[in-house]
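**Q** First the structure, which I've put down as structure tokens, then a few questions once you've had a look.
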Amino acid sequence: MMRQFSLALGQIIVVFIVQEAIVSQFRLPGGGFSLLLIFTLVWAVLSLPEIAALIGFISGLFMDLSQSSSGPIGHWTLLMIAACCCVAYLGSGNDSLSGNPLGFTFLTTSAVFFVELAFVATGALLGVGSGSFGQILITIIGISIWSLVVTPIFLPLFSHLHSITFNSRSVI
Amino acid sequence: MRRGGEGRSRLLLIILIVTALFLITLDLRGVGLLEGARQGTQTVLSPFQRAGSVVITPFKSFFSDVTHLGRTQNQIKKLREDNTKLRSKLIQRKNADSQLAQLKNILNLAGTAGYKIVNARVISQGSSQSFAQTVTIDSGANAGIKKNMTVLSEFGLAGVVKEVSPNSALISLATDPSFRIGIRIARSQQIGILSGRGNRSASLQLIDNLTSVKVGDVLLSRGSIANRPFVPGVPVGYVTAVDNSAGAIAQSATVHLYTDFSSLGVVAIVVGGTAVNPGDALVPSKPKPTPVPTVTIYVSPSPTPTK
């Protein structure tokens, strides 16, 4: 268990560094995409709910520690725990969603959309400014479209890493 | 047995949620330890961001070029004729030239007002996933940069220093939804508050209900006590639309910010303000209209009628 946790933590750190040092540097139209968000949600679909919650907690904490995060520390952590638990429940035992790449991509992209939406809604409650309605809409739709494009590209790699880390046989 | 497993996972979930809520509470109460954690992360990340910036510089504008494919068609055609080596050199040279031009303009701007500045290169753009508009620069506390210092671009105000680590700093851009600045209208010297809206247009709220604002009015920063967070006299933007709603207490307007945030390569941080307020010295000159030549054609009837 400790070995699996260390491996997962190491991979999350690598994805976080790639996101902050490379992906964020590209000035992508529509807000771009978050590799760490996609990575976490893909792993959450493949995992049991309690493991997914733990992965969501670690990833959310890193997202909170990013300087570009506008909310208080713990905001992304809370959302990611909830999101990972939800997608893990939806994914477990439902092969039409988690068993094929198409359903998998759809589930991950939908999760990205709802997580961003939840971030804006909870951010408003916590007093975090998110910009005008139009700008929020463009960013959320932009991030979702980018996730739809990027998820199938990284899906084989992420699911392979998951199977190595947790010794599971489910590889997409 | 199964019951025990379910109980354990439920307990784990509760512990994680409580920890997250605990962190939110601590952060909202302003516990310095958490802010230190964010700064520490940035200190660790800045060498990676610096390396990433160097590696991806040639591809940085690829996606924005794709979106403007029609406009860059001729340029792409010309570049295809060059060999790979020449193309790579050209891109690097273009990047350096553009940064040099930005730097010259910033120095002109700061020199006119007498600001003491520190120049820095933008090494990373903040992720849009949190709806914040930020950039990271390659200079920090070691270069004399402190929190809440004014950041200038070649055209005027770019933002304010939000966080500082030894070798990098986080800049909150003027487009950030949480960005607020007190401004002065150059024409009438009236004051108001400008707020970021997530894009290049910002919203202006006048304070006095007897004052009025006009389209084209230039806005300058009002300045703060001890020049922090804002030094006075920095050009911010100009008014593009005025909202004259009958129910409003004071007039509000839409403002176009001078700084082009999509091409922010070099910025200057004002580390020392001027003792004398520069007033309207930095107001940008209006563009001169280009004369359009008129062509007069004289037609004289031919002597023989055409059949």
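Chain labels follow the order of the structure tokens: the first chain is A, the next B, and so on; residue numbering restarts at 1 in every chain, and ligands are counted from 1 in their shown order.
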When you get a sec, could you note down which chain A residues fall within 6 Å of chain B, using only C-alpha atoms, as a PyMOL selection string?
**A** chain A and resi 21-22+24-26+28+31+50+65+68-70+72-74+77-78+129-132
**Q** Enter the distance from CA of Asn142 in chain B to CA of Val164 in chain B, in Å, rounded to one decimal.
**A**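 Pair CA of Asn142 in chain B / CA of Val164 in chain B returns 9.6 Å.
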**Q** Run DSSP on the backbone and tell me which residues of range 68-234 of chain B come out as strand (DSSP E or B); list them as a VMD selection string.
**A** chain B and resid 116 to 125 134 to 137 150 to 152 157 to 165 168 to 173 180 to 185 191 to 195 201 to 206 218 to 221
**Q** Per DSSP on the backbone, filter range 17-101 of chain A down to the residues in alpha helix (DSSP H) and report them as an MDAnalysis selection string.
**A** chainID A and resid 17:21 35:46 49:65 75:91 95:98 101
**Q** I want to know what sits within 8 Å of Ala111 in chain A, based on only C-alpha atoms, with residues of the same chain fewer than 5 positions away left out; could you give that as a tab-separated table (two decimals) with N, CA and C atoms, in the first residue's frame?
**A**
chain	number	residue	atom	x	y	z
A	41	LEU	N	-8.75	12.58	-12.98
A	41	LEU	CA	-10.09	12.05	-13.26
A	41	LEU	C	-10.00	10.69	-13.96
A	83	ALA	N	-15.33	15.18	-6.75
A	83	ALA	CA	-15.39	14.80	-8.18
A	83	ALA	C	-14.85	13.39	-8.39
A	87	VAL	N	-16.96	10.22	-9.95
A	87	VAL	CA	-16.62	9.51	-11.20
A	87	VAL	C	-16.24	8.06	-10.91
**Q** Using only C-alpha atoms, which protein or nucleic acid residues come within 10 Å of Leu161 in chain A? Drop anything in the same chain fewer than 5 positions from it, and give the result as an MDAnalysis selection string.
**A** chainID A and resid 7:8 11 43 155:156 166:167 171
**Q** Just want the 7 Å neighbourhood of range 99-102 of chain B, counted on only C-alpha atoms, with same-chain residues fewer than 5 positions away dropped. Output as an NGL selection string.
**A** :B and (154 or 265-266)
**Q** Keeping C-alpha atoms for every residue in the selection just given, could you write it to a file as an mmCIF file, in the first residue's frame?
**A**
data_model
loop_
_atom_site.group_PDB
_atom_site.id
_atom_site.type_symbol
_atom_site.label_atom_id
_atom_site.label_comp_id
_atom_site.auth_asym_id
_atom_site.auth_seq_id
_atom_site.Cartn_x
_atom_site.Cartn_y
_atom_site.Cartn_z
ATOM 1 C CA GLU B 154 5.437 48.998 -22.834
ATOM 2 C CA GLY B 265 7.048 39.192 -22.958
ATOM 3 C CA VAL B 266 8.912 41.743 -20.850
#
**Q** Could you tell me how far CA of Arg184 in chain B sits from CA of Gly144 in chain B, in Å to one decimal place?
**A** 28.4 Å
